[in-house]
Amino acid sequence: MSSPTQFPNQWMPLRRLSDLFWRQPKLLLLVLLLPPLAWFGIVYLGSLLALLWQSFYTFDDFTMAVTQQLTLANYQALFDAANYDVVLRTFVMACAVTLASAILGFPIAYYMARYAKGWQKGAMYVAVMLPMWASYIVKAYAWTVILAKGGVVYWFYNQLGLSSVIDALLALPSIGGNSLSTSNLGRFTVFTYIWLPFMILPIQASIERIPANLIQASADLGATPRQTFSTVILPLAFPGVVAGSIFTFSLTLGDYIIPQLIGPSGLYIGTMVYTMQGSIGNIPLAAAFTVVPVLIIALYLTIARRLGAFDAL
Amino acid sequence: MRFNPTDANAPRAPWWLTTLAIGGIFFLHFPIIMVALYAFNTEESAFSFPLQGFTFRWFIAASERSDLLEAVWLSIKIALIATVSALVLGTMAAAALYRRNFFGKEAITLVLILPIALPGIVTGIALLSAFRLADIETGFWTIAIGHATFCVVVIYNNVVARLRRSAYSLIEASMDLGADGWQTFRYVLLPQLATSLLAGAVLAFALSFDEIIVTTFTAGQQQTLPIWLLNQLGRPRDVPVTNVVALGIMLLTTLPILLAWRLTQGTEDTAGASK
């Protein structure tokens, strides 16, 4: 190894600057923080505040123009039956997806953390990471292929002679539809699929962190494996579930690609915002609409923090 | 019954749990397998299953599409710019925040995470409305700015995790032995950070390459590869080319993840734990 003293720093001003930073760590801190803070302050927070401000602007329905007159009308409009429906529809879907991800994800995470050993553990970790990072739009597209009429799902049920099951499911009110790819059931499946890994990994991490001796102690004190699970493991894994639910919930609330590709025609918050700002040009109402998920998520994060989810991230 | 995960005689998983776990993993991979299969399908305008036949024809057809190649090139350029900006900003933020406690630190961390914690639609429309207010034409640079913003946290997470595990005494020793701050950074800190920087960069690249929600707002007339693919979905006659591109994007976004995972192996890093 060559020692750094073999590379004398000839350029004195630089050396002096470095000495200054050593003596004044706060100065170094400032220099390090300034660029990222400036970027996030100006580009990001600036944009968010500008958006918030514009949600109070007035949109004239006749001239289709935005004026800078401040009003609360956009927020009032959120409570119109049609708009309220959009918010409610998105919210219910986000809750359903979160619940389903937790139920589907927990056994996988539990197996990964408690039973997978050695190479198996690594392989399972990669097996969850890969679908999580694989292209979002391609995954959504893959589902339009899978759920298409004559596609693999229909074929599978036909082979088993169970095509009547699909028909029965699609006949159900509110989750059914004309075909799998235009039903709420299909949309729900795709949402759950896409956000599931975001649920598995935090749960897995939180179970992994449970000290082995706690479980031993529980067994030594006479608990059955079932009791150990419900009184020791589940409470300690719960923050992981909450951490995962932040992702599944927030990502479903803000999505607007999947509602376009799969499911019935009703608007979601995301698609609503997109239509409002795009073809109609009603940025103020679009801005008011984006405040809804932000508020819901802020509330959700506050609760999650109470439940200790941030330590599980 | 003792339950010790390090014990060689640890209890085996009950059959139903194993089934659920394997079934879940299969569910996660099923659409990926389907995309891979359909890329070689001979059928031209539908998705019927079982597949009709095997061909490489559509790969050639896709490579002749100039609009596709332009989209790929645009996505690569933007991902590179976003990654490099995020590397600089994320590393600076990590270096500033990993040891020190000061007023407002929590708030700064929160702001860094916000672009991925808030739904992409919020970030997207916020940036778009700000660009419109500032009379900035949307296009190449506005996409890059948006992508850099949400890539920072990926780098930050990776670097801060590595810094927390590295011994600060090494830095003090280096300074005691007469190295100045720059030399310490170059010869002590950077070698320790190298793989976490690379892993973070790979993840940031993949994240930017695949991003669509923020991009649709900031792109103007430009078409990145995901947007190209989205538009393509409205063209049923183009299905074979779409399938091939879907497979290509899938490979381009998953292979880097394997690389990043290898790079952070053995450092207990949480490379992809939060996207």
# chains A, B, ... in the order shown; residues from 1 in each chain; ligands from 1
$ residues_around --residues "stretch 286-290 of chain A" --least-positions-apart "4" --cutoff "8 Å" --atoms "only C-alpha atoms" --output "MDAnalysis selection string"
(chainID A and resid 51:52 54:56 74:75 78 269 272:274 276:277 282 294) or (chainID B and resid 121:122 125)
$ write_last_selection --atoms "all heavy atoms" --output "short mmCIF file (atom, residue, chain, number, x, y, z; two decimals), in the first residue's frame"
data_model
loop_
_atom_site.label_atom_id
_atom_site.label_comp_id
_atom_site.auth_asym_id
_atom_site.auth_seq_id
_atom_site.Cartn_x
_atom_site.Cartn_y
_atom_site.Cartn_z
N LEU A 51 -47.53 24.44 -6.68
CA LEU A 51 -48.73 23.65 -6.99
C LEU A 51 -49.83 23.95 -5.98
O LEU A 51 -50.99 24.17 -6.34
CB LEU A 51 -48.38 22.16 -6.97
CG LEU A 51 -49.51 21.22 -7.35
CD1 LEU A 51 -49.83 21.35 -8.82
CD2 LEU A 51 -49.16 19.79 -7.02
N LEU A 52 -49.43 23.95 -4.71
CA LEU A 52 -50.40 24.22 -3.65
C LEU A 52 -51.04 25.59 -3.85
O LEU A 52 -52.26 25.75 -3.76
CB LEU A 52 -49.70 24.16 -2.29
CG LEU A 52 -50.60 24.26 -1.08
CD1 LEU A 52 -51.52 23.07 -1.01
CD2 LEU A 52 -49.78 24.35 0.20
N GLN A 54 -51.35 27.24 -6.63
CA GLN A 54 -52.22 27.26 -7.80
C GLN A 54 -53.57 26.58 -7.56
O GLN A 54 -54.51 26.79 -8.30
CB GLN A 54 -51.54 26.58 -8.98
CG GLN A 54 -50.44 27.43 -9.57
CD GLN A 54 -49.80 26.73 -10.74
OE1 GLN A 54 -50.37 26.63 -11.80
NE2 GLN A 54 -48.60 26.23 -10.54
N SER A 55 -53.63 25.76 -6.50
CA SER A 55 -54.91 25.10 -6.24
C SER A 55 -55.95 26.11 -5.76
O SER A 55 -57.12 25.79 -5.67
CB SER A 55 -54.72 23.98 -5.21
OG SER A 55 -54.45 24.53 -3.94
N PHE A 56 -55.48 27.34 -5.46
CA PHE A 56 -56.43 28.39 -5.05
C PHE A 56 -56.78 29.32 -6.21
O PHE A 56 -57.54 30.25 -6.05
CB PHE A 56 -55.86 29.20 -3.88
CG PHE A 56 -55.67 28.38 -2.63
CD1 PHE A 56 -54.41 27.96 -2.26
CD2 PHE A 56 -56.75 28.01 -1.86
CE1 PHE A 56 -54.23 27.20 -1.12
CE2 PHE A 56 -56.58 27.25 -0.72
CZ PHE A 56 -55.33 26.83 -0.35
N ASN A 74 -62.12 25.22 -5.80
CA ASN A 74 -61.57 23.93 -6.24
C ASN A 74 -61.70 22.89 -5.15
O ASN A 74 -61.96 21.72 -5.43
CB ASN A 74 -60.11 24.09 -6.63
CG ASN A 74 -59.94 25.09 -7.75
OD1 ASN A 74 -60.59 24.96 -8.78
ND2 ASN A 74 -59.11 26.10 -7.52
N TYR A 75 -61.49 23.34 -3.90
CA TYR A 75 -61.60 22.38 -2.80
C TYR A 75 -63.05 22.01 -2.56
O TYR A 75 -63.36 20.87 -2.22
CB TYR A 75 -60.95 22.95 -1.54
CG TYR A 75 -59.45 22.96 -1.66
CD1 TYR A 75 -58.77 24.08 -2.08
CD2 TYR A 75 -58.73 21.80 -1.39
CE1 TYR A 75 -57.40 24.08 -2.23
CE2 TYR A 75 -57.36 21.79 -1.53
CZ TYR A 75 -56.70 22.93 -1.95
OH TYR A 75 -55.35 22.91 -2.10
N LEU A 78 -64.18 19.28 -4.81
CA LEU A 78 -63.78 17.92 -4.46
C LEU A 78 -64.94 17.16 -3.82
O LEU A 78 -64.99 15.94 -3.88
CB LEU A 78 -62.62 17.94 -3.46
CG LEU A 78 -61.25 18.35 -3.99
CD1 LEU A 78 -60.23 18.26 -2.89
CD2 LEU A 78 -60.85 17.48 -5.15
N ILE A 269 -57.90 9.01 -8.80
CA ILE A 269 -57.31 10.33 -8.52
C ILE A 269 -56.25 10.64 -9.57
O ILE A 269 -56.21 11.72 -10.15
CB ILE A 269 -56.69 10.36 -7.10
CG1 ILE A 269 -57.78 10.26 -6.05
CG2 ILE A 269 -55.89 11.65 -6.91
CD1 ILE A 269 -57.27 10.29 -4.62
N MET A 272 -57.69 11.31 -12.99
CA MET A 272 -58.41 12.59 -12.90
C MET A 272 -57.43 13.75 -13.03
O MET A 272 -57.65 14.67 -13.82
CB MET A 272 -59.12 12.65 -11.54
CG MET A 272 -60.00 13.83 -11.36
SD MET A 272 -61.51 13.57 -12.27
CE MET A 272 -62.30 15.13 -12.06
N VAL A 273 -56.36 13.69 -12.25
CA VAL A 273 -55.37 14.76 -12.30
C VAL A 273 -54.81 14.88 -13.71
O VAL A 273 -54.66 15.98 -14.26
CB VAL A 273 -54.22 14.47 -11.30
CG1 VAL A 273 -53.06 15.40 -11.53
CG2 VAL A 273 -54.73 14.59 -9.88
N TYR A 274 -54.52 13.74 -14.32
CA TYR A 274 -53.92 13.75 -15.65
C TYR A 274 -54.87 14.39 -16.66
O TYR A 274 -54.47 15.23 -17.46
CB TYR A 274 -53.56 12.33 -16.06
CG TYR A 274 -52.69 12.31 -17.29
CD1 TYR A 274 -51.38 12.77 -17.22
CD2 TYR A 274 -53.18 11.87 -18.51
CE1 TYR A 274 -50.58 12.79 -18.33
CE2 TYR A 274 -52.38 11.87 -19.63
CZ TYR A 274 -51.09 12.34 -19.54
OH TYR A 274 -50.29 12.37 -20.64
N MET A 276 -57.37 16.45 -16.04
CA MET A 276 -57.61 17.85 -15.71
C MET A 276 -56.49 18.76 -16.22
O MET A 276 -56.75 19.80 -16.79
CB MET A 276 -57.72 18.01 -14.18
CG MET A 276 -59.07 17.69 -13.63
SD MET A 276 -60.27 18.81 -14.32
CE MET A 276 -61.71 17.79 -14.38
N GLN A 277 -55.25 18.33 -16.01
CA GLN A 277 -54.16 19.22 -16.42
C GLN A 277 -53.93 19.13 -17.92
O GLN A 277 -53.49 20.08 -18.55
CB GLN A 277 -52.87 18.91 -15.65
CG GLN A 277 -52.25 17.55 -15.90
CD GLN A 277 -51.40 17.49 -17.14
OE1 GLN A 277 -50.81 18.49 -17.53
NE2 GLN A 277 -51.37 16.33 -17.76
N ASN A 282 -57.25 22.49 -16.63
CA ASN A 282 -57.72 22.99 -15.33
C ASN A 282 -56.70 22.63 -14.25
O ASN A 282 -56.94 21.76 -13.42
CB ASN A 282 -59.08 22.39 -15.02
CG ASN A 282 -59.73 23.05 -13.82
OD1 ASN A 282 -59.08 23.77 -13.08
ND2 ASN A 282 -61.01 22.79 -13.64
N VAL A 294 -51.90 13.59 -0.81
CA VAL A 294 -50.84 14.08 0.09
C VAL A 294 -51.35 14.12 1.52
O VAL A 294 -50.66 13.67 2.45
CB VAL A 294 -50.35 15.47 -0.37
CG1 VAL A 294 -49.38 16.05 0.65
CG2 VAL A 294 -49.69 15.38 -1.72
N ILE B 121 -47.50 11.02 -9.16
CA ILE B 121 -48.37 11.98 -9.83
C ILE B 121 -48.22 13.37 -9.21
O ILE B 121 -48.28 14.38 -9.89
CB ILE B 121 -49.82 11.49 -9.78
CG1 ILE B 121 -50.71 12.36 -10.65
CG2 ILE B 121 -50.36 11.45 -8.39
CD1 ILE B 121 -51.51 11.57 -11.58
N VAL B 122 -47.98 13.41 -7.89
CA VAL B 122 -47.82 14.69 -7.21
C VAL B 122 -46.54 15.36 -7.67
O VAL B 122 -46.52 16.53 -8.07
CB VAL B 122 -47.81 14.48 -5.68
CG1 VAL B 122 -47.59 15.80 -4.98
CG2 VAL B 122 -49.08 13.82 -5.22
N ILE B 125 -46.97 16.50 -11.47
CA ILE B 125 -47.75 17.71 -11.77
C ILE B 125 -47.14 18.94 -11.10
O ILE B 125 -47.20 20.04 -11.65
CB ILE B 125 -49.23 17.54 -11.42
CG1 ILE B 125 -50.02 18.71 -12.00
CG2 ILE B 125 -49.46 17.43 -9.96
CD1 ILE B 125 -51.45 18.44 -12.18
#
$ closest_atom_pairs --of "chain B" --to "chain A" --cutoff "6 Å" --atoms "only C-alpha atoms" --output "Markdown table"
| residue | atom | partner | partner_atom | distance |
| --- | --- | --- | --- | --- |
| B:Arg2 | CA | A:Gln216 | CA | 5.9 |
| B:Phe3 | CA | A:Gln216 | CA | 5.6 |
| B:Ala21 | CA | A:Ile108 | CA | 4.3 |
| B:Pro31 | CA | A:Ala142 | CA | 5.5 |
| B:Val35 | CA | A:Ala142 | CA | 5.9 |
| B:Phe47 | CA | A:Gly151 | CA | 5.5 |
| B:Ser48 | CA | A:Gly151 | CA | 4.8 |
| B:Phe49 | CA | A:Gly151 | CA | 5.0 |
| B:Leu89 | CA | A:Pro36 | CA | 5.1 |
| B:Met92 | CA | A:Leu32 | CA | 5.2 |
| B:Ala93 | CA | A:Leu33 | CA | 5.8 |
| B:Ala96 | CA | A:Leu29 | CA | 5.5 |
| B:Pro119 | CA | A:Gly254 | CA | 4.5 |
| B:Ile121 | CA | A:Gly254 | CA | 5.7 |
| B:Val122 | CA | A:Thr290 | CA | 5.9 |
| B:Ala126 | CA | A:Ser47 | CA | 5.0 |
| B:Leu127 | CA | A:Ser47 | CA | 5.4 |
| B:Ala130 | CA | A:Ser47 | CA | 5.1 |
| B:Gly181 | CA | A:Ser18 | CA | 5.1 |
| B:Asp210 | CA | A:Ser135 | CA | 5.6 |
| B:Ala246 | CA | A:Val138 | CA | 5.5 |
| B:Met250 | CA | A:Ser135 | CA | 5.6 |
| B:Thr253 | CA | A:Ala134 | CA | 5.3 |
| B:Thr254 | CA | A:Ala134 | CA | 5.2 |
$ write_last_selection --atoms "C-alpha atoms" --output "JSON list (two decimals), in the first residue's frame"
[["chain", "number", "residue", "atom", "x", "y", "z"],
["B", 2, "ARG", "CA", -36.55, -25.29, 20.86],
["B", 3, "PHE", "CA", -36.73, -22.84, 18.06],
["B", 21, "ALA", "CA", -44.10, -19.08, -0.11],
["B", 31, "PRO", "CA", -45.86, -12.19, -15.72],
["B", 35, "VAL", "CA", -43.39, -11.51, -21.38],
["B", 47, "PHE", "CA", -52.58, -12.92, -27.14],
["B", 48, "SER", "CA", -54.03, -16.38, -27.53],
["B", 49, "PHE", "CA", -52.61, -19.13, -25.40],
["B", 89, "LEU", "CA", -26.01, 15.36, -4.59],
["B", 92, "MET", "CA", -22.88, 15.10, -0.38],
["B", 93, "ALA", "CA", -26.10, 14.73, 1.57],
["B", 96, "ALA", "CA", -23.26, 15.66, 5.77],
["B", 119, "PRO", "CA", -47.17, 9.46, -5.27],
["B", 121, "ILE", "CA", -48.37, 11.98, -9.83],
["B", 122, "VAL", "CA", -47.82, 14.69, -7.21],
["B", 126, "ALA", "CA", -45.85, 19.88, -9.28],
["B", 127, "LEU", "CA", -42.82, 19.97, -11.57],
["B", 130, "ALA", "CA", -43.60, 24.96, -11.85],
["B", 181, "GLY", "CA", -9.17, 16.33, 3.84],
["B", 210, "ASP", "CA", -38.06, 2.73, -16.19],
["B", 246, "ALA", "CA", -41.18, -5.39, -23.32],
["B", 250, "MET", "CA", -37.46, -6.19, -18.60],
["B", 253, "THR", "CA", -34.12, -3.18, -15.64],
["B", 254, "THR", "CA", -33.52, -6.53, -13.93]]
$ residues_around --residues "B:Glu44" --least-positions-apart "6" --cutoff "10 Å" --atoms "only C-alpha atoms" --output "PyMOL selection string"
chain B and resi 52+58+236-241
$ write_last_selection --atoms "N, CA, C and O atoms" --output "PDB file, in the first residue's frame"
ATOM      1  N   GLN B  52     -48.617 -19.706 -30.624  1.00  0.00           N
ATOM      2  CA  GLN B  52     -48.809 -20.276 -31.959  1.00  0.00           C
ATOM      3  C   GLN B  52     -47.542 -20.882 -32.546  1.00  0.00           C
ATOM      4  O   GLN B  52     -47.598 -21.838 -33.301  1.00  0.00           O
ATOM      5  N   TRP B  58     -39.481 -10.996 -34.910  1.00  0.00           N
ATOM      6  CA  TRP B  58     -39.884  -9.683 -34.374  1.00  0.00           C
ATOM      7  C   TRP B  58     -38.715  -8.911 -33.794  1.00  0.00           C
ATOM      8  O   TRP B  58     -38.770  -7.695 -33.685  1.00  0.00           O
ATOM      9  N   PRO B 236     -52.852  -2.112 -31.623  1.00  0.00           N
ATOM     10  CA  PRO B 236     -52.948  -3.579 -31.570  1.00  0.00           C
ATOM     11  C   PRO B 236     -52.190  -4.262 -32.711  1.00  0.00           C
ATOM     12  O   PRO B 236     -51.758  -5.399 -32.566  1.00  0.00           O
ATOM     13  N   ARG B 237     -52.003  -3.568 -33.841  1.00  0.00           N
ATOM     14  CA  ARG B 237     -51.336  -4.229 -34.964  1.00  0.00           C
ATOM     15  C   ARG B 237     -49.840  -4.346 -34.745  1.00  0.00           C
ATOM     16  O   ARG B 237     -49.149  -5.051 -35.458  1.00  0.00           O
ATOM     17  N   ASP B 238     -49.350  -3.624 -33.758  1.00  0.00           N
ATOM     18  CA  ASP B 238     -47.914  -3.615 -33.502  1.00  0.00           C
ATOM     19  C   ASP B 238     -47.518  -4.568 -32.376  1.00  0.00           C
ATOM     20  O   ASP B 238     -46.390  -4.530 -31.902  1.00  0.00           O
ATOM     21  N   VAL B 239     -48.437  -5.412 -31.973  1.00  0.00           N
ATOM     22  CA  VAL B 239     -48.222  -6.251 -30.798  1.00  0.00           C
ATOM     23  C   VAL B 239     -46.871  -6.986 -30.776  1.00  0.00           C
ATOM     24  O   VAL B 239     -46.178  -6.963 -29.759  1.00  0.00           O
ATOM     25  N   PRO B 240     -46.448  -7.626 -31.884  1.00  0.00           N
ATOM     26  CA  PRO B 240     -45.189  -8.382 -31.813  1.00  0.00           C
ATOM     27  C   PRO B 240     -43.996  -7.515 -31.420  1.00  0.00           C
ATOM     28  O   PRO B 240     -43.199  -7.898 -30.562  1.00  0.00           O
ATOM     29  N   VAL B 241     -43.903  -6.308 -32.025  1.00  0.00           N
ATOM     30  CA  VAL B 241     -42.775  -5.428 -31.685  1.00  0.00           C
ATOM     31  C   VAL B 241     -42.870  -5.008 -30.220  1.00  0.00           C
ATOM     32  O   VAL B 241     -41.878  -4.980 -29.488  1.00  0.00           O
TER      33      VAL B 241
END
$ closest_residue --among "B:Asn41, B:Asn157, B:Thr83, B:Asn101" --to "B:Ala206" --atoms "only C-alpha atoms"
B:Thr83
$ select_by_dssp --residues "stretch 77-273 of chain A" --states "helix (DSSP H, G or I)" --output "ChimeraX atom specification"
/A:77,81-114,118-133,136-147,152-159,163-171,180-182,184-208,212-220,225-254,258-261,269-273
$ write_last_selection --atoms "C-alpha atoms" --output "short mmCIF file (atom, residue, chain, number, x, y, z; two decimals), in the first residue's frame"
data_model
loop_
_atom_site.label_atom_id
_atom_site.label_comp_id
_atom_site.auth_asym_id
_atom_site.auth_seq_id
_atom_site.Cartn_x
_atom_site.Cartn_y
_atom_site.Cartn_z
CA ALA A 77 -65.53 20.92 -6.00
CA ALA A 81 -70.67 13.77 -5.92
CA ALA A 82 -68.66 12.88 -9.03
CA ASN A 83 -65.30 13.99 -7.65
CA TYR A 84 -65.98 12.55 -4.23
CA ASP A 85 -66.65 9.23 -5.97
CA VAL A 86 -63.24 9.36 -7.61
CA VAL A 87 -61.52 9.92 -4.27
CA LEU A 88 -63.53 7.20 -2.56
CA ARG A 89 -62.95 4.70 -5.39
CA THR A 90 -59.20 5.23 -5.23
CA PHE A 91 -59.13 5.09 -1.45
CA VAL A 92 -61.08 1.81 -1.29
CA MET A 93 -58.83 0.23 -3.91
CA ALA A 94 -55.72 1.37 -2.02
CA CYS A 95 -57.04 -0.20 1.20
CA ALA A 96 -57.99 -3.45 -0.54
CA VAL A 97 -54.61 -3.71 -2.24
CA THR A 98 -52.78 -3.01 1.01
CA LEU A 99 -54.74 -5.66 2.85
CA ALA A 100 -54.25 -8.25 0.11
CA SER A 101 -50.51 -7.53 -0.09
CA ALA A 102 -50.17 -7.99 3.66
CA ILE A 103 -52.03 -11.30 3.59
CA LEU A 104 -50.13 -12.59 0.55
CA GLY A 105 -46.80 -11.12 1.60
CA PHE A 106 -46.63 -12.25 5.20
CA PRO A 107 -46.18 -16.01 4.59
CA ILE A 108 -43.50 -15.33 1.98
CA ALA A 109 -41.65 -12.93 4.28
CA TYR A 110 -42.02 -15.30 7.20
CA TYR A 111 -40.63 -18.20 5.24
CA MET A 112 -37.72 -16.08 3.99
CA ALA A 113 -36.80 -14.87 7.46
CA ARG A 114 -37.34 -18.03 9.51
CA GLY A 118 -27.83 -20.26 3.13
CA TRP A 119 -28.13 -20.03 -0.65
CA GLN A 120 -31.90 -20.39 -0.39
CA LYS A 121 -32.11 -17.17 1.54
CA GLY A 122 -30.11 -15.23 -1.03
CA ALA A 123 -32.06 -16.78 -3.87
CA MET A 124 -35.39 -15.84 -2.30
CA TYR A 125 -34.23 -12.30 -1.65
CA VAL A 126 -33.27 -11.93 -5.31
CA ALA A 127 -36.53 -13.62 -6.32
CA VAL A 128 -38.46 -10.85 -4.56
CA MET A 129 -36.15 -8.01 -5.59
CA LEU A 130 -36.18 -8.84 -9.28
CA PRO A 131 -39.93 -8.51 -9.86
CA MET A 132 -39.92 -5.40 -7.69
CA TRP A 133 -37.37 -3.62 -9.85
CA TYR A 136 -43.28 -1.16 -14.01
CA ILE A 137 -44.81 -0.49 -17.41
CA VAL A 138 -43.76 -3.90 -18.73
CA LYS A 139 -45.31 -5.62 -15.71
CA ALA A 140 -48.55 -3.73 -16.28
CA TYR A 141 -48.42 -4.64 -19.96
CA ALA A 142 -47.74 -8.29 -19.12
CA TRP A 143 -51.01 -8.38 -17.20
CA THR A 144 -53.00 -7.03 -20.13
CA VAL A 145 -51.55 -9.99 -22.06
CA ILE A 146 -52.28 -12.49 -19.30
CA LEU A 147 -55.85 -11.34 -18.65
CA VAL A 152 -53.43 -17.78 -20.43
CA VAL A 153 -55.86 -17.31 -17.52
CA TYR A 154 -58.92 -18.09 -19.63
CA TRP A 155 -57.06 -21.04 -21.18
CA PHE A 156 -56.11 -22.40 -17.75
CA TYR A 157 -59.68 -22.31 -16.43
CA ASN A 158 -60.95 -23.86 -19.65
CA GLN A 159 -58.49 -26.72 -19.35
CA SER A 163 -64.62 -21.39 -17.06
CA SER A 164 -67.93 -20.99 -15.26
CA VAL A 165 -65.93 -19.84 -12.21
CA ILE A 166 -64.64 -16.82 -14.14
CA ASP A 167 -68.14 -16.05 -15.36
CA ALA A 168 -69.48 -16.30 -11.82
CA LEU A 169 -66.76 -13.98 -10.49
CA LEU A 170 -67.34 -11.47 -13.27
CA ALA A 171 -71.08 -11.53 -12.60
CA LEU A 180 -61.16 -10.01 -16.61
CA SER A 181 -59.22 -7.14 -18.14
CA THR A 182 -62.10 -4.70 -17.79
CA ASN A 184 -62.21 -4.28 -10.90
CA LEU A 185 -61.06 -7.77 -10.01
CA GLY A 186 -58.46 -7.61 -12.77
CA ARG A 187 -57.31 -4.14 -11.71
CA PHE A 188 -57.07 -5.24 -8.10
CA THR A 189 -54.97 -8.28 -9.11
CA VAL A 190 -52.55 -6.12 -11.08
CA PHE A 191 -52.19 -3.53 -8.32
CA THR A 192 -51.58 -6.24 -5.74
CA TYR A 193 -49.07 -7.96 -7.98
CA ILE A 194 -47.10 -4.81 -8.67
CA TRP A 195 -46.84 -3.56 -5.10
CA LEU A 196 -46.51 -6.93 -3.34
CA PRO A 197 -42.68 -6.97 -3.14
CA PHE A 198 -42.78 -3.59 -1.39
CA MET A 199 -44.74 -5.31 1.36
CA ILE A 200 -42.64 -8.47 1.55
CA LEU A 201 -39.23 -6.87 2.10
CA PRO A 202 -40.05 -4.69 5.16
CA ILE A 203 -41.91 -7.59 6.82
CA GLN A 204 -39.01 -9.90 6.12
CA ALA A 205 -36.56 -7.37 7.59
CA SER A 206 -38.62 -6.94 10.75
CA ILE A 207 -38.98 -10.70 11.34
CA GLU A 208 -35.28 -11.12 10.66
CA ALA A 212 -33.66 -15.78 18.41
CA ASN A 213 -33.50 -15.94 22.20
CA LEU A 214 -36.90 -14.28 22.51
CA ILE A 215 -38.39 -17.17 20.61
CA GLN A 216 -36.43 -19.66 22.66
CA ALA A 217 -37.56 -18.00 25.86
CA SER A 218 -41.14 -18.16 24.72
CA ALA A 219 -40.80 -21.86 23.99
CA ASP A 220 -38.97 -22.51 27.28
CA PRO A 225 -45.38 -22.55 18.39
CA ARG A 226 -48.80 -21.09 17.64
CA GLN A 227 -48.74 -19.02 20.85
CA THR A 228 -45.18 -17.92 20.16
CA PHE A 229 -46.28 -16.76 16.75
CA SER A 230 -49.27 -14.77 17.91
CA THR A 231 -47.79 -13.26 21.08
CA VAL A 232 -44.12 -12.77 20.17
CA ILE A 233 -43.52 -12.83 16.44
CA LEU A 234 -46.65 -11.13 15.15
CA PRO A 235 -46.46 -8.04 17.42
CA LEU A 236 -42.77 -7.60 16.60
CA ALA A 237 -43.37 -8.06 12.87
CA PHE A 238 -46.29 -5.64 12.80
CA PRO A 239 -44.17 -2.48 12.32
CA GLY A 240 -42.84 -4.17 9.18
CA VAL A 241 -46.37 -4.65 7.91
CA VAL A 242 -47.12 -0.99 8.55
CA ALA A 243 -43.89 0.04 6.81
CA GLY A 244 -44.82 -2.05 3.80
CA SER A 245 -48.34 -0.69 3.79
CA ILE A 246 -46.97 2.84 3.41
CA PHE A 247 -45.66 1.81 0.00
CA THR A 248 -48.62 -0.24 -1.18
CA PHE A 249 -51.08 2.40 -0.02
CA SER A 250 -49.28 5.45 -1.33
CA LEU A 251 -48.31 3.87 -4.62
CA THR A 252 -51.87 2.74 -5.33
CA LEU A 253 -53.28 6.15 -4.41
CA GLY A 254 -51.10 7.94 -6.92
CA ILE A 258 -52.82 0.80 -14.33
CA PRO A 259 -56.34 2.31 -14.11
CA GLN A 260 -55.92 3.28 -17.78
CA LEU A 261 -54.78 -0.14 -18.90
CA ILE A 269 -57.31 10.33 -8.52
CA GLY A 270 -54.33 9.84 -10.81
CA THR A 271 -56.29 9.65 -14.05
CA MET A 272 -58.41 12.59 -12.90
CA VAL A 273 -55.37 14.76 -12.30
#
